[in-house]
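Written below as structure tokens is the structure these notes are about.
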Amino acid sequence: MRRARSELDEVAYRLYELAGLVGVSEQELLAFLKVISKADWANVEFRPIEGLEFEFESFSDGQIRLEITVRRDRTTIIKEYDVPDLLVKGDISEVRLRPVMPSEPPVRRRRKGRNRRRGPRRGAAGFR
């Protein structure tokens, strides 16, 4: 059974992805978010590669909205997220963006040998 991904997990993963694309550490990106959360209004765009855009918009109440736009040929996909206060307020040294990979359940392997219905071959066990 797969673990459902929460909105916090999704935002943290997207921010981790942006940090890697821009070439900064997680803590540096979180410090940047903390700074723009203090502004009356701020709008910052990152375009790390062609067809991909990360846009942050901060409002006076400390709310930060993340908008990700992906353009491929004639298709445009836009995702919007509200950055949770947990990632912006408080001590950023305690926050981790790195996604935690859930452990996979053990894989059941098939038994080697012939089909259970058919049974072993008479000649395979040796002569009687």
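Please note that chains go A, B, ... in the order of the structure tokens, that every chain numbers its residues from 1, and that ligands are numbered from 1 in the order shown.
Residues surrounding Leu66 in chain A within 8 Å are A:Phe54, A:Glu55, A:Phe56, A:Glu57, A:Ile64, A:Ile68, A:Glu80, A:Tyr81, A:Asp82, A:Val83 [only C-alpha atoms; sequence separation below 2 positions excluded].
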With N, CA, C and O atoms retained, write the just-selected residues as a PDB file, in the first residue's frame.
ATOM      1  N   PHE A  54       9.072  28.675 -11.976  1.00  0.00           N
ATOM      2  CA  PHE A  54       8.640  28.683 -10.583  1.00  0.00           C
ATOM      3  C   PHE A  54       8.382  30.140 -10.217  1.00  0.00           C
ATOM      4  O   PHE A  54       9.256  30.980 -10.405  1.00  0.00           O
ATOM      5  N   GLU A  55       7.206  30.439  -9.709  1.00  0.00           N
ATOM      6  CA  GLU A  55       6.881  31.808  -9.329  1.00  0.00           C
ATOM      7  C   GLU A  55       6.393  31.835  -7.883  1.00  0.00           C
ATOM      8  O   GLU A  55       5.506  31.075  -7.500  1.00  0.00           O
ATOM      9  N   PHE A  56       7.010  32.702  -7.077  1.00  0.00           N
ATOM     10  CA  PHE A  56       6.604  32.910  -5.694  1.00  0.00           C
ATOM     11  C   PHE A  56       5.906  34.252  -5.601  1.00  0.00           C
ATOM     12  O   PHE A  56       6.376  35.238  -6.146  1.00  0.00           O
ATOM     13  N   GLU A  57       4.807  34.279  -4.883  1.00  0.00           N
ATOM     14  CA  GLU A  57       4.108  35.532  -4.626  1.00  0.00           C
ATOM     15  C   GLU A  57       3.821  35.592  -3.139  1.00  0.00           C
ATOM     16  O   GLU A  57       3.258  34.655  -2.565  1.00  0.00           O
ATOM     17  N   ILE A  64       2.546  32.785   1.395  1.00  0.00           N
ATOM     18  CA  ILE A  64       3.346  32.662   0.174  1.00  0.00           C
ATOM     19  C   ILE A  64       2.678  31.635  -0.730  1.00  0.00           C
ATOM     20  O   ILE A  64       2.342  30.537  -0.299  1.00  0.00           O
ATOM     21  N   ILE A  68       3.805  26.760 -10.269  1.00  0.00           N
ATOM     22  CA  ILE A  68       4.746  26.083 -11.160  1.00  0.00           C
ATOM     23  C   ILE A  68       4.076  25.944 -12.522  1.00  0.00           C
ATOM     24  O   ILE A  68       2.966  25.423 -12.625  1.00  0.00           O
ATOM     25  N   GLU A  80      -0.659  25.249  -8.522  1.00  0.00           N
ATOM     26  CA  GLU A  80      -0.540  26.277  -7.491  1.00  0.00           C
ATOM     27  C   GLU A  80      -0.541  25.632  -6.118  1.00  0.00           C
ATOM     28  O   GLU A  80      -1.316  24.708  -5.860  1.00  0.00           O
ATOM     29  N   TYR A  81       0.349  26.119  -5.255  1.00  0.00           N
ATOM     30  CA  TYR A  81       0.453  25.613  -3.892  1.00  0.00           C
ATOM     31  C   TYR A  81       0.555  26.796  -2.942  1.00  0.00           C
ATOM     32  O   TYR A  81       1.168  27.813  -3.272  1.00  0.00           O
ATOM     33  N   ASP A  82      -0.014  26.660  -1.765  1.00  0.00           N
ATOM     34  CA  ASP A  82       0.230  27.606  -0.683  1.00  0.00           C
ATOM     35  C   ASP A  82       1.349  27.012   0.157  1.00  0.00           C
ATOM     36  O   ASP A  82       1.248  25.873   0.623  1.00  0.00           O
ATOM     37  N   VAL A  83       2.420  27.783   0.336  1.00  0.00           N
ATOM     38  CA  VAL A  83       3.557  27.296   1.120  1.00  0.00           C
ATOM     39  C   VAL A  83       3.161  27.322   2.592  1.00  0.00           C
ATOM     40  O   VAL A  83       2.796  28.378   3.120  1.00  0.00           O
TER      41      VAL A  83
END
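Counting only C-alpha atoms, Leu21 in chain A has the following residues at most 12 Å away, ignoring those fewer than 4 positions along the same chain: Arg14, Leu15, Tyr16, Glu17, Ser25, Glu26, Leu29, Phe46, Arg47, Pro48, Ile49, Glu50, Leu52, Glu53 and Phe54 of chain A.
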Pairwise distance, CA of Gly62 in chain A with CA of Ile77 in chain A, equals 26.3 Å
*Residue neighbourhood Thr76 in chain A, 10 Å, only C-alpha atoms, exclusion window fewer than 6 positions, as a PyMOL selection string*: chain A and resi 51-52+69-70
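When CA of Asp61 in chain A is paired with CA of Ala39 in chain A, their separation reads 9.0 Å.
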- Task: Step one, run DSSP on the backbone; step two, keep only residues of range 18-92 of chain A assigned to strand (DSSP E); then write them as a PyMOL selection string.
- Result: chain A and resi 41-49+52-59+64-72+75-83
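Distance check against Lys89 in chain A using only C-alpha atoms: of A:Ser37, A:Val44, A:Thr75, A:Arg65, the minimum falls on A:Ser37.
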**Q.** Those of range 2-88 of chain A in DSSP helix (DSSP H, G or I), formatted as an MDAnalysis selection string
**A.** chainID A and resid 7:22 26:37 85:88
Output N, CA, C and O atoms of each residue in that selection to a file, as a compact mmCIF listing (two decimals), in the first residue's frame.
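What ended up in result-v7.txt:
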# COMPACT_ATOMS: atom_id res chain seq x y z
N GLU A 7 -0.20 17.66 1.10
CA GLU A 7 0.17 18.90 0.41
C GLU A 7 1.51 19.40 0.91
O GLU A 7 2.30 19.93 0.14
N LEU A 8 1.79 19.22 2.21
CA LEU A 8 3.09 19.62 2.75
C LEU A 8 4.21 18.84 2.07
O LEU A 8 5.23 19.41 1.68
N ASP A 9 4.03 17.52 1.91
CA ASP A 9 5.03 16.70 1.22
C ASP A 9 5.23 17.18 -0.21
O ASP A 9 6.36 17.24 -0.70
N GLU A 10 4.14 17.51 -0.88
CA GLU A 10 4.20 17.95 -2.28
C GLU A 10 4.96 19.27 -2.40
O GLU A 10 5.82 19.42 -3.26
N VAL A 11 4.65 20.23 -1.54
CA VAL A 11 5.33 21.54 -1.57
C VAL A 11 6.81 21.36 -1.23
O VAL A 11 7.68 21.93 -1.90
N ALA A 12 7.11 20.57 -0.21
CA ALA A 12 8.50 20.35 0.18
C ALA A 12 9.27 19.70 -0.96
O ALA A 12 10.42 20.08 -1.26
N TYR A 13 8.67 18.75 -1.66
CA TYR A 13 9.33 18.10 -2.78
C TYR A 13 9.59 19.09 -3.91
O TYR A 13 10.67 19.10 -4.51
N ARG A 14 8.61 19.94 -4.22
CA ARG A 14 8.78 20.93 -5.29
C ARG A 14 9.86 21.94 -4.94
O ARG A 14 10.65 22.34 -5.79
N LEU A 15 9.93 22.36 -3.68
CA LEU A 15 10.97 23.29 -3.26
C LEU A 15 12.35 22.62 -3.30
O LEU A 15 13.34 23.25 -3.70
N TYR A 16 12.42 21.38 -2.93
CA TYR A 16 13.67 20.62 -3.01
C TYR A 16 14.13 20.52 -4.46
O TYR A 16 15.31 20.68 -4.77
N GLU A 17 13.18 20.28 -5.35
CA GLU A 17 13.47 20.20 -6.77
C GLU A 17 14.00 21.54 -7.29
O GLU A 17 14.98 21.58 -8.04
N LEU A 18 13.37 22.65 -6.87
CA LEU A 18 13.83 23.98 -7.28
C LEU A 18 15.23 24.27 -6.77
O LEU A 18 16.07 24.79 -7.50
N ALA A 19 15.49 23.93 -5.51
CA ALA A 19 16.82 24.16 -4.93
C ALA A 19 17.89 23.44 -5.75
O ALA A 19 18.96 23.99 -6.03
N GLY A 20 17.60 22.23 -6.18
CA GLY A 20 18.55 21.48 -6.99
C GLY A 20 18.75 22.09 -8.37
O GLY A 20 19.87 22.15 -8.88
N LEU A 21 17.67 22.56 -8.98
CA LEU A 21 17.76 23.16 -10.31
C LEU A 21 18.50 24.50 -10.29
O LEU A 21 19.25 24.81 -11.21
N VAL A 22 18.27 25.30 -9.24
CA VAL A 22 18.90 26.61 -9.15
C VAL A 22 20.34 26.50 -8.64
O VAL A 22 21.18 27.32 -8.94
N GLU A 26 19.00 23.60 0.55
CA GLU A 26 17.63 23.69 1.08
C GLU A 26 17.51 24.86 2.04
O GLU A 26 16.53 25.62 2.00
N GLN A 27 18.50 25.01 2.93
CA GLN A 27 18.46 26.06 3.95
C GLN A 27 18.51 27.44 3.30
O GLN A 27 17.85 28.37 3.77
N GLU A 28 19.28 27.60 2.22
CA GLU A 28 19.34 28.88 1.54
C GLU A 28 18.00 29.23 0.90
O GLU A 28 17.55 30.38 0.96
N LEU A 29 17.34 28.27 0.32
CA LEU A 29 16.03 28.51 -0.28
C LEU A 29 15.00 28.84 0.80
O LEU A 29 14.18 29.75 0.63
N LEU A 30 15.04 28.13 1.92
CA LEU A 30 14.11 28.42 3.02
C LEU A 30 14.38 29.80 3.62
O LEU A 30 13.44 30.52 4.00
N ALA A 31 15.64 30.21 3.69
CA ALA A 31 15.98 31.56 4.18
C ALA A 31 15.42 32.61 3.22
O ALA A 31 14.89 33.64 3.65
N PHE A 32 15.51 32.36 1.92
CA PHE A 32 14.93 33.25 0.92
C PHE A 32 13.42 33.38 1.12
O PHE A 32 12.86 34.48 1.10
N LEU A 33 12.74 32.25 1.34
CA LEU A 33 11.30 32.28 1.56
C LEU A 33 10.95 33.06 2.83
O LEU A 33 9.95 33.78 2.86
N LYS A 34 11.78 32.93 3.85
CA LYS A 34 11.54 33.64 5.10
C LYS A 34 11.67 35.15 4.88
O LYS A 34 10.87 35.93 5.40
N VAL A 35 12.62 35.55 4.05
CA VAL A 35 12.81 36.98 3.76
C VAL A 35 11.63 37.54 2.98
O VAL A 35 11.09 38.59 3.33
N ILE A 36 11.20 36.84 1.92
CA ILE A 36 10.09 37.41 1.13
C ILE A 36 8.76 37.33 1.89
O ILE A 36 7.85 38.08 1.57
N SER A 37 8.66 36.47 2.90
CA SER A 37 7.42 36.42 3.69
C SER A 37 7.24 37.68 4.53
O SER A 37 6.14 38.00 4.95
N ASP A 85 3.11 27.54 6.65
CA ASP A 85 3.89 28.36 7.59
C ASP A 85 5.03 27.57 8.22
O ASP A 85 6.05 28.14 8.58
N LEU A 86 4.86 26.28 8.35
CA LEU A 86 5.89 25.42 8.94
C LEU A 86 7.22 25.55 8.20
O LEU A 86 8.28 25.50 8.81
N LEU A 87 7.17 25.76 6.88
CA LEU A 87 8.39 25.88 6.09
C LEU A 87 8.98 27.28 6.12
O LEU A 87 10.12 27.48 5.70
N VAL A 88 8.21 28.27 6.59
CA VAL A 88 8.67 29.66 6.54
C VAL A 88 8.94 30.23 7.92
O VAL A 88 9.91 30.93 8.13
